[in-house]
$ cat coords-v1.txt   # compact mmCIF, C-alpha atoms
# COMPACT_ATOMS: atom_id res chain seq x y z
CA MET A 39 0.00 0.00 0.00
CA ILE A 40 1.29 3.44 -0.94
CA LYS A 41 0.27 6.39 1.21
CA LEU A 42 1.51 9.92 0.53
CA ASN A 43 0.28 13.05 2.22
CA ALA A 44 1.57 16.63 1.69
CA PHE A 45 4.51 15.29 -0.33
CA PHE A 46 7.01 17.84 -1.69
CA LYS A 47 9.92 17.46 -4.10
CA SER A 48 11.91 20.13 -5.90
CA PHE A 49 15.05 20.37 -8.00
CA GLY A 50 16.75 23.61 -7.00
CA PRO A 51 14.22 26.42 -7.45
CA LYS A 52 11.89 24.23 -9.55
CA LYS A 53 9.11 22.79 -7.42
CA VAL A 54 8.07 19.53 -9.09
CA LEU A 55 5.71 17.97 -6.54
CA ARG A 56 3.66 20.33 -4.35
CA SER A 57 1.72 19.04 -1.40
CA LEU A 58 0.81 15.86 -3.27
CA ASP A 59 -1.66 13.40 -1.74
CA LEU A 60 -1.94 9.88 -3.12
CA GLU A 61 -3.11 6.52 -1.89
CA VAL A 62 -2.87 3.20 -3.70
CA LYS A 63 -4.56 0.40 -1.81
CA ASP A 64 -3.54 -3.26 -1.70
CA GLY A 65 -4.79 -5.04 -4.78
CA GLU A 66 -5.40 -1.81 -6.71
CA ILE A 67 -4.03 -0.63 -10.05
CA VAL A 68 -3.83 3.15 -10.29
CA THR A 69 -2.81 4.81 -13.54
CA LEU A 70 -0.97 8.10 -13.28
CA VAL A 71 -1.32 10.34 -16.29
CA GLY A 72 0.03 13.81 -16.94
CA ASN A 73 1.82 16.00 -19.45
CA ASN A 74 5.52 15.72 -20.16
CA GLY A 75 7.49 17.25 -17.31
CA SER A 76 4.58 17.09 -14.88
CA GLY A 77 6.67 15.06 -12.42
CA LYS A 78 5.41 11.50 -12.96
CA THR A 79 8.88 9.93 -13.08
CA THR A 80 10.07 12.14 -10.21
CA LEU A 81 7.18 10.85 -8.11
CA LEU A 82 8.12 7.22 -8.81
CA ARG A 83 11.82 7.89 -8.10
CA SER A 84 10.94 9.65 -4.85
CA ILE A 85 8.75 6.77 -3.70
CA ASN A 86 11.42 4.15 -4.47
CA THR A 87 14.12 6.16 -2.56
CA LEU A 88 16.26 6.92 -5.65
CA ASP A 89 15.44 10.62 -5.12
CA LYS A 90 14.92 12.22 -1.76
CA PRO A 91 11.68 14.10 -1.07
CA ASP A 92 12.04 17.59 0.40
CA ASP A 93 9.31 17.15 2.95
CA TYR A 94 6.13 15.23 3.69
CA ASP A 95 3.56 14.58 6.41
CA VAL A 96 3.11 10.93 5.48
CA ALA A 97 5.11 8.83 3.00
CA GLU A 98 4.68 5.13 3.64
CA ILE A 99 4.83 1.81 1.85
CA ASP A 100 2.95 -0.87 3.80
CA GLY A 101 3.28 1.34 6.88
CA TYR A 102 7.07 1.75 6.55
CA ASP A 103 8.32 5.33 6.45
CA LEU A 104 10.39 6.36 3.42
CA ARG A 105 13.15 8.08 5.40
CA SER A 106 13.51 5.81 8.39
CA SER A 107 13.23 2.40 6.67
CA PRO A 108 14.78 2.76 3.18
CA GLU A 109 16.04 -0.84 2.94
CA GLU A 110 12.64 -2.22 3.97
CA ILE A 111 10.97 0.05 1.41
CA ARG A 112 13.33 -1.07 -1.36
CA SER A 113 12.71 -4.74 -0.60
CA ARG A 114 8.96 -4.15 -0.96
CA ILE A 115 9.09 -2.17 -4.19
CA GLY A 116 9.45 -3.43 -7.73
CA TYR A 117 10.42 -0.65 -10.12
CA LEU A 118 10.43 -0.61 -13.89
CA PRO A 119 12.08 2.59 -15.15
CA HIS A 120 11.31 4.14 -18.52
CA ASN A 121 14.67 2.89 -19.85
CA PRO A 122 15.66 -0.22 -17.89
CA ALA A 123 19.44 -0.56 -17.55
CA PHE A 124 21.36 -3.82 -17.48
CA TYR A 125 24.95 -5.03 -17.74
CA PRO A 126 25.43 -5.70 -21.46
CA GLU A 127 28.33 -8.08 -20.75
CA LEU A 128 25.99 -10.35 -18.79
CA THR A 129 23.24 -12.53 -20.22
CA GLY A 130 19.60 -11.83 -19.44
CA PHE A 131 19.66 -14.76 -17.02
CA GLU A 132 22.82 -13.51 -15.29
CA ASN A 133 21.37 -10.00 -14.92
CA LEU A 134 18.22 -11.39 -13.34
CA ARG A 135 20.12 -13.81 -11.08
CA PHE A 136 22.40 -10.93 -9.95
CA TRP A 137 19.34 -8.88 -8.99
CA LEU A 138 17.77 -11.77 -7.09
CA GLU A 139 21.00 -12.50 -5.23
CA LEU A 140 21.28 -8.81 -4.27
CA ASN A 141 17.80 -9.19 -2.84
CA SER A 142 19.01 -12.25 -0.88
CA ILE A 143 16.47 -14.48 -2.64
CA ARG A 144 17.18 -18.18 -2.22
CA ASP A 145 17.11 -20.39 -5.28
CA ALA A 146 18.02 -17.40 -7.45
CA GLU A 147 18.94 -19.59 -10.43
CA SER A 148 15.68 -21.49 -10.79
CA ARG A 149 13.68 -18.39 -9.92
CA ALA A 150 15.47 -16.37 -12.60
CA ARG A 151 14.72 -19.05 -15.20
CA GLY A 152 11.10 -19.15 -14.06
CA PHE A 153 10.61 -15.40 -14.45
CA LEU A 154 12.36 -15.36 -17.83
CA ALA A 155 9.81 -17.98 -18.92
CA LYS A 156 6.94 -15.88 -17.54
CA VAL A 157 7.88 -12.87 -19.69
CA GLY A 158 8.59 -15.01 -22.77
CA LEU A 159 12.38 -14.63 -22.74
CA ILE A 160 13.44 -18.15 -21.77
CA SER A 161 14.88 -18.97 -25.20
CA PHE A 162 16.92 -15.74 -25.11
CA GLY A 163 18.01 -16.09 -21.47
CA ASP A 164 21.57 -17.09 -22.33
CA ASP A 165 22.06 -14.29 -24.87
CA LEU A 166 23.99 -11.20 -23.81
CA SER A 167 21.54 -8.51 -22.74
CA GLY A 168 23.58 -6.02 -24.78
CA ASN A 169 22.16 -7.73 -27.87
CA TYR A 170 18.53 -7.48 -26.74
CA SER A 171 15.98 -5.46 -28.70
CA ARG A 172 14.05 -2.64 -26.98
CA GLY A 173 11.05 -4.89 -26.38
CA MET A 174 13.22 -7.65 -24.90
CA VAL A 175 14.88 -5.13 -22.59
CA GLN A 176 11.42 -4.07 -21.44
CA ARG A 177 10.40 -7.68 -20.77
CA LEU A 178 13.61 -8.29 -18.81
CA GLY A 179 13.01 -5.07 -16.86
CA PHE A 180 9.51 -6.21 -15.99
CA ALA A 181 10.80 -9.64 -14.91
CA MET A 182 13.32 -7.88 -12.68
CA ALA A 183 10.64 -5.62 -11.20
CA ILE A 184 8.41 -8.51 -10.12
CA SER A 185 10.96 -11.29 -9.49
CA HIS A 186 11.62 -10.53 -5.81
CA THR A 187 7.85 -10.65 -5.05
CA PRO A 188 7.37 -6.99 -4.16
CA THR A 189 4.17 -5.80 -2.50
CA THR A 190 4.23 -2.54 -4.48
CA LEU A 191 4.93 -2.06 -8.17
CA LEU A 192 5.99 1.24 -9.73
CA LEU A 193 5.94 1.08 -13.52
CA ASP A 194 7.09 3.94 -15.72
CA GLU A 195 5.46 3.49 -19.13
CA PRO A 196 5.78 -0.31 -19.02
CA PHE A 197 4.51 -0.96 -22.56
CA THR A 198 7.21 1.08 -24.35
CA GLY A 199 8.71 -0.88 -27.22
CA LEU A 200 6.61 -4.00 -26.63
CA ASP A 201 4.93 -5.95 -29.41
CA SER A 202 1.33 -7.15 -29.01
CA ASP A 203 2.48 -10.45 -27.46
CA GLY A 204 4.63 -8.59 -24.94
CA ILE A 205 1.77 -6.25 -24.02
CA ALA A 206 -0.57 -9.21 -23.54
CA ILE A 207 1.95 -11.02 -21.31
CA ILE A 208 2.52 -7.96 -19.11
CA GLU A 209 -1.17 -7.15 -18.86
CA LYS A 210 -1.90 -10.72 -17.80
CA LEU A 211 0.86 -10.60 -15.16
CA LEU A 212 -0.37 -7.22 -13.88
CA THR A 213 -3.92 -8.43 -13.32
CA LYS A 214 -2.57 -11.59 -11.65
CA LEU A 215 -0.42 -9.47 -9.33
CA ARG A 216 -3.43 -7.32 -8.47
CA ASP A 217 -5.35 -10.47 -7.55
CA GLU A 218 -2.44 -11.35 -5.27
CA ASN A 219 -2.94 -8.01 -3.43
CA CYS A 220 -0.04 -6.08 -4.97
CA SER A 221 -0.42 -2.27 -5.13
CA ILE A 222 0.41 -1.05 -8.61
CA LEU A 223 1.11 2.53 -9.67
CA LEU A 224 1.43 2.73 -13.41
CA VAL A 225 2.61 5.77 -15.35
CA SER A 226 1.09 5.88 -18.81
CA HIS A 227 -0.29 8.33 -21.35
CA GLU A 228 -3.47 6.29 -21.61
CA SER A 229 -5.44 4.53 -18.93
CA PRO A 230 -5.76 0.78 -19.62
CA SER A 231 -9.17 -0.87 -19.23
CA TYR A 232 -8.12 -3.02 -16.26
CA SER A 233 -6.93 0.02 -14.25
CA ASP A 234 -9.07 0.58 -11.15
CA ARG A 235 -8.53 4.31 -11.03
CA THR A 236 -6.85 7.04 -13.06
CA VAL A 237 -5.33 10.12 -11.46
CA GLU A 238 -3.80 13.10 -13.21
CA LEU A 239 -0.65 14.84 -12.10
CA ASP A 240 -0.94 18.54 -12.81
CA ARG A 241 1.23 21.38 -11.52
CA GLY A 242 2.83 19.13 -8.93
CA GLY A 243 -0.38 17.82 -7.40
CA ILE A 244 -3.07 15.25 -8.07
CA SER A 245 -6.07 16.85 -9.74
CA MET B 121 25.44 -15.27 -0.77
CA ASN B 122 26.43 -12.05 0.97
CA PRO B 123 25.52 -8.94 -1.10
CA ILE B 124 29.15 -7.77 -0.97
CA GLN B 125 30.27 -11.08 -2.54
CA VAL B 126 27.51 -10.76 -5.14
CA LEU B 127 28.74 -7.28 -6.10
CA ILE B 128 32.38 -8.42 -6.30
CA ARG B 129 31.48 -11.39 -8.50
CA LYS B 130 29.44 -9.14 -10.81
CA GLU B 131 32.28 -6.59 -11.10
CA LEU B 132 34.80 -9.27 -12.05
CA LYS B 133 32.47 -10.94 -14.53
CA VAL B 134 31.64 -7.63 -16.26
CA GLU B 135 35.33 -6.68 -16.53
CA PHE B 136 36.61 -10.09 -17.63
CA ARG B 137 33.97 -10.28 -20.36
CA SER B 138 35.03 -6.91 -21.85
CA LEU B 139 38.60 -6.37 -20.52
CA GLN B 140 38.18 -2.70 -21.46
CA GLY B 141 39.47 -1.20 -18.23
CA LEU B 142 42.26 -3.67 -17.47
CA VAL B 143 43.79 -3.75 -20.94
CA ALA B 144 43.65 0.04 -21.38
CA SER B 145 45.13 0.66 -17.92
CA ALA B 146 47.89 -1.92 -18.41
CA MET B 147 48.79 -0.39 -21.79
CA LEU B 148 48.85 3.10 -20.27
CA SER B 149 51.09 2.03 -17.40
CA PHE B 150 53.43 0.31 -19.86
CA MET B 151 53.69 3.56 -21.83
CA ILE B 152 54.25 5.63 -18.68
CA LEU B 153 56.99 3.30 -17.47
CA MET B 154 58.58 3.12 -20.93
CA SER B 155 58.65 6.90 -21.35
CA LEU B 156 60.13 7.36 -17.87
CA ARG B 157 62.68 4.62 -18.54
CA PHE B 158 64.07 6.56 -21.47
CA SER B 159 63.53 10.13 -20.24
CA VAL B 160 64.72 9.99 -16.63
CA ILE B 161 68.47 9.93 -16.32
CA ASP B 162 68.85 10.88 -12.66
CA SER B 163 70.21 7.70 -11.07
CA ILE B 164 68.70 8.47 -7.62
CA ILE B 165 65.19 8.66 -9.08
CA LEU B 166 65.80 5.46 -11.03
CA GLN B 167 67.08 3.64 -7.95
CA ASN B 168 64.01 4.51 -5.85
CA SER B 169 60.42 3.35 -6.22
CA GLY B 170 58.62 6.66 -6.92
CA ILE B 171 58.22 5.77 -10.60
CA LEU B 172 56.47 2.52 -9.71
CA TRP B 173 53.97 4.28 -7.46
CA ALA B 174 53.39 7.15 -9.90
CA SER B 175 52.35 4.57 -12.47
CA ILE B 176 50.12 2.68 -10.01
CA LEU B 177 48.47 5.91 -8.80
CA LEU B 178 47.70 7.35 -12.23
CA THR B 179 46.55 4.22 -14.03
CA GLY B 180 44.95 2.62 -10.96
CA LEU B 181 42.85 5.69 -10.31
CA GLY B 182 41.92 5.71 -13.99
CA LEU B 183 40.73 2.11 -13.71
CA VAL B 184 38.64 2.76 -10.58
CA THR B 185 37.10 5.86 -12.19
CA HIS B 186 36.37 3.91 -15.38
CA ILE B 187 34.47 1.27 -13.39
CA SER B 188 32.35 3.92 -11.63
CA THR B 189 31.78 5.99 -14.76
CA ARG B 190 30.67 2.90 -16.68
CA GLU B 191 28.09 2.18 -13.98
CA SER B 192 26.76 5.77 -14.09
CA GLU B 193 26.70 6.07 -17.88
CA ARG B 194 24.75 2.84 -18.30
CA GLY B 195 22.29 3.73 -15.55
CA THR B 196 23.02 0.48 -13.72
CA VAL B 197 24.00 2.52 -10.67
CA ASP B 198 20.24 3.00 -10.09
CA LEU B 199 19.82 -0.77 -10.17
CA LEU B 200 22.40 -1.08 -7.38
CA LYS B 201 20.81 1.73 -5.37
CA LEU B 202 17.41 0.04 -5.62
CA ALA B 203 18.68 -3.13 -3.98
CA PRO B 204 17.62 -3.53 -0.34
CA ILE B 205 21.17 -3.33 0.96
CA THR B 206 22.81 -0.68 3.10
CA ARG B 207 24.95 1.96 1.46
CA TYR B 208 28.08 0.76 3.26
CA GLN B 209 27.55 -2.73 1.81
CA LEU B 210 27.21 -1.16 -1.61
CA PHE B 211 30.41 0.84 -1.07
CA LEU B 212 32.36 -2.18 0.18
CA GLY B 213 31.12 -4.38 -2.67
CA ARG B 214 32.12 -1.84 -5.29
CA MET B 215 35.39 -1.04 -3.54
CA VAL B 216 36.52 -4.66 -3.18
CA GLY B 217 35.46 -5.42 -6.78
CA SER B 218 37.68 -2.55 -7.96
CA LEU B 219 40.43 -3.67 -5.57
CA VAL B 220 40.66 -7.15 -7.08
CA LEU B 221 41.02 -5.60 -10.54
CA LEU B 222 43.59 -3.13 -9.15
CA TRP B 223 45.57 -6.06 -7.73
CA ILE B 224 45.72 -7.61 -11.18
CA LEU B 225 46.74 -4.29 -12.73
CA SER B 226 49.39 -3.56 -10.09
CA THR B 227 50.83 -7.07 -10.53
CA ILE B 228 51.23 -6.33 -14.25
CA ILE B 229 52.78 -2.93 -13.45
CA LEU B 230 55.27 -4.46 -11.01
CA VAL B 231 56.32 -7.07 -13.57
CA ILE B 232 56.81 -4.37 -16.26
CA TYR B 233 58.70 -2.22 -13.73
CA VAL B 234 61.07 -5.06 -12.80
CA ILE B 235 61.69 -5.84 -16.50
CA LEU B 236 62.36 -2.22 -17.46
CA PHE B 237 64.17 -0.95 -14.37
CA GLY B 238 65.72 -4.14 -13.03
CA ASN B 239 64.81 -5.52 -9.63
CA PRO B 240 65.86 -2.88 -7.05
CA PHE B 241 64.18 -4.86 -4.24
CA ALA B 242 66.52 -7.86 -4.69
CA GLU B 243 65.47 -10.62 -2.26
CA ASN B 244 62.71 -8.36 -0.84
CA LEU B 245 60.67 -8.49 -4.05
CA LEU B 246 57.83 -10.49 -2.47
CA LEU B 247 57.64 -8.04 0.42
CA ALA B 248 57.54 -5.16 -2.09
CA TYR B 249 54.71 -6.98 -3.88
CA LEU B 250 52.82 -7.25 -0.59
CA ILE B 251 53.21 -3.49 -0.04
CA VAL B 252 51.90 -2.85 -3.56
CA LEU B 253 48.82 -4.99 -2.85
CA ILE B 254 48.19 -3.24 0.49
CA GLY B 255 48.70 0.22 -1.07
CA CYS B 256 46.03 -0.59 -3.64
CA THR B 257 43.44 -0.95 -0.85
CA GLY B 258 43.59 2.72 0.11
CA LEU B 259 43.68 3.72 -3.56
CA SER B 260 40.56 1.68 -4.24
CA ALA B 261 38.72 3.08 -1.20
CA VAL B 262 39.46 6.75 -1.96
CA GLY B 263 38.96 6.25 -5.71
CA THR B 264 35.60 4.50 -5.29
CA LEU B 265 34.31 7.13 -2.87
CA ALA B 266 35.51 10.07 -4.99
CA ALA B 267 34.29 8.50 -8.23
CA SER B 268 30.83 7.67 -6.91
CA SER B 269 30.43 11.29 -5.78
CA ALA B 270 31.89 12.83 -8.92
CA THR B 271 30.78 10.62 -11.82
CA PRO B 272 27.20 11.95 -11.93
CA LEU B 273 28.72 15.38 -12.66
CA HIS B 274 30.04 16.62 -16.00
CA GLY B 275 33.78 16.00 -16.17
CA GLY B 276 33.50 13.45 -13.39
CA TRP B 277 36.73 11.74 -14.43
CA MET B 278 38.73 14.93 -13.91
CA ILE B 279 36.95 15.78 -10.67
CA THR B 280 37.68 12.31 -9.29
CA SER B 281 41.39 12.79 -9.97
CA LEU B 282 41.33 16.31 -8.49
CA PHE B 283 39.77 14.94 -5.29
CA ALA B 284 41.62 11.70 -4.98
CA ILE B 285 45.21 12.45 -6.02
CA PRO B 286 45.98 15.06 -3.32
CA ILE B 287 44.35 12.89 -0.65
CA LEU B 288 46.25 9.77 -1.71
CA LEU B 289 49.57 11.45 -2.49
CA PHE B 290 50.32 12.64 1.03
CA THR B 291 48.94 9.57 2.78
CA VAL B 292 48.84 6.13 1.17
CA ILE B 293 51.29 6.83 -1.65
CA GLU B 294 53.84 8.59 0.58
CA ALA B 295 53.73 5.77 3.14
CA ALA B 296 53.95 3.17 0.35
CA ILE B 297 56.93 4.90 -1.28
CA ARG B 298 58.71 5.15 2.08
CA SER B 299 58.05 1.45 2.69
CA THR B 300 59.36 0.26 -0.67
CA ASP B 301 62.27 2.74 -0.62
CA SER B 302 63.34 1.44 2.78
CA LEU B 303 63.32 -2.08 1.31
CA ILE B 304 65.69 -0.86 -1.40
CA SER B 305 67.99 1.11 0.92
CA GLY B 306 67.70 -1.30 3.84
CA SER B 307 66.96 1.60 6.23
CA SER B 308 65.21 1.13 9.57
CA ASP B 309 62.21 3.25 8.51
CA PHE B 310 60.36 0.24 7.13
CA GLU B 311 58.30 -0.70 10.18
CA LEU B 312 57.07 2.86 10.79
CA ALA B 313 56.21 3.45 7.11
CA PHE B 314 54.47 0.08 6.85
CA MET B 315 52.41 0.77 9.98
CA LEU B 316 51.43 4.16 8.57
CA LEU B 317 50.37 2.51 5.32
CA ILE B 318 48.15 0.03 7.18
CA MET B 319 46.63 2.84 9.30
CA TYR B 320 45.84 4.99 6.26
CA ASN B 321 44.18 2.02 4.56
CA VAL B 322 42.06 1.20 7.59
CA ALA B 323 41.07 4.87 7.95
CA PHE B 324 40.09 5.21 4.29
CA VAL B 325 38.12 1.97 4.10
CA THR B 326 36.17 2.59 7.33
CA GLY B 327 35.81 6.31 6.54
CA GLY B 328 34.54 5.50 3.04
CA ALA B 329 31.98 3.03 4.37
CA TRP B 330 30.84 5.50 7.02
CA LEU B 331 30.59 8.43 4.59
CA SER B 332 28.60 6.29 2.13
CA GLU B 333 26.15 5.41 4.87
CA ILE B 334 25.60 8.95 6.19
CA SER B 335 25.55 10.61 2.77
CA ASP B 336 22.40 8.68 1.77

$ encode --input "coords-v1.txt" --output "structure tokens"
Amino acid sequence: MIKLNAFFKSFGPKKVLRSLDLEVKDGEIVTLVGNNGSGKTTLLRSINTLDKPDDYDVAEIDGYDLRSSPEEIRSRIGYLPHNPAFYPELTGFENLRFWLELNSIRDAESRARGFLAKVGLISFGDDLSGNYSRGMVQRLGFAMAISHTPTTLLLDEPFTGLDSDGIAIIEKLLTKLRDENCSILLVSHESPSYSDRTVELDRGGIS
Amino acid sequence: MNPIQVLIRKELKVEFRSLQGLVASAMLSFMILMSLRFSVIDSIILQNSGILWASILLTGLGLVTHISTRESERGTVDLLKLAPITRYQLFLGRMVGSLVLLWILSTIILVIYVILFGNPFAENLLLAYLIVLIGCTGLSAVGTLAASSATPLHGGWMITSLFAIPILLFTVIEAAIRSTDSLISGSSDFELAFMLLIMYNVAFVTGGAWLSEISD
């Protein structure tokens, strides 16, 4: 569950998020829309602790405070950035196994293979990720975001570069994760049909 | 597996698959040593170990900066920061990963140095090698800390050198040069210089881990 109240974030003099309030319940998919530069990515990066918020009254993931429990927050969040980054010298499987091992997940090898199969990359798992197409990178990024069984998913335009098969696979996984009580905040230009709620980010706040 | 071990294994795998940093740094140190071999004619400079450490400092720092810059440029640094590990674990993992590569580089440099300049350490060569390996620890700690602060900035490579070289020069490198020089001259300074080298390394590694943790 994501709970933000009076959440502020600025870059120098530019105030990006101004007294933002947002709640995403367990088992809910919320789509966040907004113009370019409205602060959608900044919001996701502030929630996942990559950027530091300036101030807030409440900023919690599953009841854990953003500032006082950053490691706990990071273990509960799965994040898919707009441009997922991997080590091109490592295979898709090795990248995923590395991530799982960093998350102290047991059985990282079989789990990595399992998630590669889920996103339709199993036959490309032993190829270097540097040779992946944009859509394959996106699939691997999604596998990485969900592989450590997070309770909260933050997805920044998850369908970028995906073919129709890829979109179908990710949509199916998203609805399954919602059924398993995962809170999902999805940044997109359009609200998908299975989204429970759509909120718009405008001038640093939810309108 | 411990997250620090996971980070070290990843660093080695990434470097051994590309060999970009190691090969370039080894070539650069070969050129530095070659040019000094034919340009320096002062016999006192040639008899002491300053040339060896100048080469290790310049190319070693370049290697550590390259590793950090690569991580920033690719965006994989965000991947590391998203992992549920403490910042000091992240620092130690990156530092020790760089250190292992620095050990390989400094071994190559020492071999080239002995070939080009003869073996001034005589029967103390193994002890000199040990000092080189220990000296690399401080270099890796300061380099990793400076590079991770500076690489997000424009001209991060230069800024890393501007931060790290003055700090290292009058601490780790000076103590290391005194240690290896005393092996060459057989003076009684060795124990004091070696102790200083160990102390600087401990201070930089613990200080680096602490600064990484509080800077988050």

$ atom_distance --input "coords-v1.txt" --atom1 "atom CA of Gly130 of chain A" --atom2 "atom CA of Phe197 of chain A"
18.9 Å

$ interface_residues --input "coords-v1.txt" --of "chain A" --to "chain B" --cutoff "12 Å" --atoms "all atoms listed in the file" --output "JSON, numbers by chain"
{"A": [83, 84, 85, 86, 87, 88, 89, 90, 105, 106, 107, 108, 109, 110, 111, 112, 113, 114, 115, 116, 117, 118, 119, 120, 121, 122, 123, 124, 125, 126, 127, 128, 129, 132, 133, 134, 135, 136, 137, 138, 139, 140, 141, 142, 143, 144, 145, 146, 166, 168, 179, 182, 183, 186, 188]}

$ residues_around --input "coords-v1.txt" --residues "Met315 of chain B" --least-positions-apart "6" --cutoff "10 Å" --atoms "only C-alpha atoms" --output "PyMOL selection string"
chain B and resi 295+299+321

$ closest_residue --input "coords-v1.txt" --among "A:Gly72, A:Pro91, A:Val62, A:Lys210" --to "Phe49 of chain A" --atoms "all atoms listed in the file"
A:Pro91

$ atom_distance --input "coords-v1.txt" --atom1 "atom CA of Phe162 of chain A" --atom2 "atom CA of Ser192 of chain B"
26.1 Å

$ residues_around --input "coords-v1.txt" --residues "segment 236-241 of chain B" --least-positions-apart "6" --cutoff "10 Å" --atoms "only C-alpha atoms" --output "list in words"
Phe150, Leu153, Met154, Leu156, Arg157, Phe158, Leu166, Gln167, Asn168, Ser169, Ile171, Leu172, Leu230, Leu247, Ala248, Tyr249, Thr300, Asp301, Ser302, Leu303, Ile304, Ser305 and Gly306 of chain B

$ atom_distance --input "coords-v1.txt" --atom1 "atom CA of Arg235 of chain A" --atom2 "atom CA of Thr69 of chain A"
6.3 Å

$ closest_residue --input "coords-v1.txt" --among "B:Ile334, B:Leu222, B:Ile293, B:Ala329" --to "Gly180 of chain B" --atoms "all atoms listed in the file"
B:Leu222

$ residues_near_point --input "coords-v1.txt" --point "(0.9, 17.0, -10.7)" --cutoff "12 Å" --atoms "only C-alpha atoms" --output "MDAnalysis selection string"
chainID A and resid 45:47 53:60 70:81 237:245

$ write_last_selection --input "coords-v1.txt" --atoms "C-alpha atoms" --output "compact mmCIF listing (two decimals), in the coordinates of the input"
# COMPACT_ATOMS: atom_id res chain seq x y z
CA PHE A 45 4.51 15.29 -0.33
CA PHE A 46 7.01 17.84 -1.69
CA LYS A 47 9.92 17.46 -4.10
CA LYS A 53 9.11 22.79 -7.42
CA VAL A 54 8.07 19.53 -9.09
CA LEU A 55 5.71 17.97 -6.54
CA ARG A 56 3.66 20.33 -4.35
CA SER A 57 1.72 19.04 -1.40
CA LEU A 58 0.81 15.86 -3.27
CA ASP A 59 -1.66 13.40 -1.74
CA LEU A 60 -1.94 9.88 -3.12
CA LEU A 70 -0.97 8.10 -13.28
CA VAL A 71 -1.32 10.34 -16.29
CA GLY A 72 0.03 13.81 -16.94
CA ASN A 73 1.82 16.00 -19.45
CA ASN A 74 5.52 15.72 -20.16
CA GLY A 75 7.49 17.25 -17.31
CA SER A 76 4.58 17.09 -14.88
CA GLY A 77 6.67 15.06 -12.42
CA LYS A 78 5.41 11.50 -12.96
CA THR A 79 8.88 9.93 -13.08
CA THR A 80 10.07 12.14 -10.21
CA LEU A 81 7.18 10.85 -8.11
CA VAL A 237 -5.33 10.12 -11.46
CA GLU A 238 -3.80 13.10 -13.21
CA LEU A 239 -0.65 14.84 -12.10
CA ASP A 240 -0.94 18.54 -12.81
CA ARG A 241 1.23 21.38 -11.52
CA GLY A 242 2.83 19.13 -8.93
CA GLY A 243 -0.38 17.82 -7.40
CA ILE A 244 -3.07 15.25 -8.07
CA SER A 245 -6.07 16.85 -9.74

$ closest_residue --input "coords-v1.txt" --among "B:Leu250, B:Ile187, B:Ile164, B:Ile128" --to "Thr271 of chain B" --atoms "only C-alpha atoms"
B:Ile187

$ residues_near_point --input "coords-v1.txt" --point "(49.9, -6.5, -2.4)" --cutoff "12 Å" --atoms "only C-alpha atoms" --output "PyMOL selection string"
chain B and resi 176+219-220+222-230+245-258+296+300+317-318

$ closest_residue --input "coords-v1.txt" --among "A:Glu98, A:Val225, A:Asp64, A:Leu212" --to "Leu82 of chain A" --atoms "all atoms listed in the file"
A:Val225

$ closest_residue --input "coords-v1.txt" --among "B:Ile287, B:Ile279, B:Val262, B:Leu142" --to "Val322 of chain B" --atoms "all atoms listed in the file"
B:Val262

$ axis_aligned_box --input "coords-v1.txt" --around "segment 331-335 of chain B" --padding-each-side "3 Å" --output "AutoDock Vina command-line options"
--center_x 28.1 --center_y 8.0 --center_z 4.2 --size_x 11.0 --size_y 11.2 --size_z 10.1

$ residues_around --input "coords-v1.txt" --residues "Ile208 of chain A" --least-positions-apart "3" --cutoff "9 Å" --atoms "only C-alpha atoms" --output "list in words"
Val157, Arg177, Phe180, Pro196, Phe197, Asp203, Gly204, Ile205, Leu211, Leu212 and Thr213 of chain A

$ closest_residue --input "coords-v1.txt" --among "A:Glu61, A:Asp95, A:Asp194, A:Asp100" --to "Leu224 of chain A" --atoms "only C-alpha atoms"
A:Asp194

$ residues_around --input "coords-v1.txt" --residues "Val184 of chain B" --least-positions-apart "2" --cutoff "9 Å" --atoms "all atoms listed in the file" --output "PyMOL selection string"
chain B and resi 141+179-182+186-189+215+218-219+221-222+259-260+263-264+267

$ build_atoms --input "coords-v1.txt" --residues "segment 218-224 of chain A" --atoms "N, CA and C atoms" --output "PDB file, in the coordinates of the input"
ATOM      1  N   GLU A 218      -3.248 -10.887  -6.411  1.00  0.00           N
ATOM      2  CA  GLU A 218      -2.440 -11.350  -5.270  1.00  0.00           C
ATOM      3  C   GLU A 218      -2.206 -10.224  -4.261  1.00  0.00           C
ATOM      4  N   ASN A 219      -2.950  -9.131  -4.384  1.00  0.00           N
ATOM      5  CA  ASN A 219      -2.940  -8.010  -3.430  1.00  0.00           C
ATOM      6  C   ASN A 219      -1.782  -7.028  -3.584  1.00  0.00           C
ATOM      7  N   CYS A 220      -1.157  -7.008  -4.735  1.00  0.00           N
ATOM      8  CA  CYS A 220      -0.040  -6.080  -4.970  1.00  0.00           C
ATOM      9  C   CYS A 220      -0.616  -4.691  -5.321  1.00  0.00           C
ATOM     10  N   SER A 221      -0.009  -3.635  -4.771  1.00  0.00           N
ATOM     11  CA  SER A 221      -0.420  -2.270  -5.130  1.00  0.00           C
ATOM     12  C   SER A 221       0.385  -1.839  -6.348  1.00  0.00           C
ATOM     13  N   ILE A 222      -0.302  -1.365  -7.359  1.00  0.00           N
ATOM     14  CA  ILE A 222       0.410  -1.050  -8.610  1.00  0.00           C
ATOM     15  C   ILE A 222       0.143   0.397  -9.019  1.00  0.00           C
ATOM     16  N   LEU A 223       1.215   1.150  -9.170  1.00  0.00           N
ATOM     17  CA  LEU A 223       1.110   2.530  -9.670  1.00  0.00           C
ATOM     18  C   LEU A 223       1.772   2.555 -11.037  1.00  0.00           C
ATOM     19  N   LEU A 224       0.993   2.881 -12.028  1.00  0.00           N
ATOM     20  CA  LEU A 224       1.430   2.730 -13.410  1.00  0.00           C
ATOM     21  C   LEU A 224       1.413   4.089 -14.103  1.00  0.00           C
TER      22      LEU A 224
END
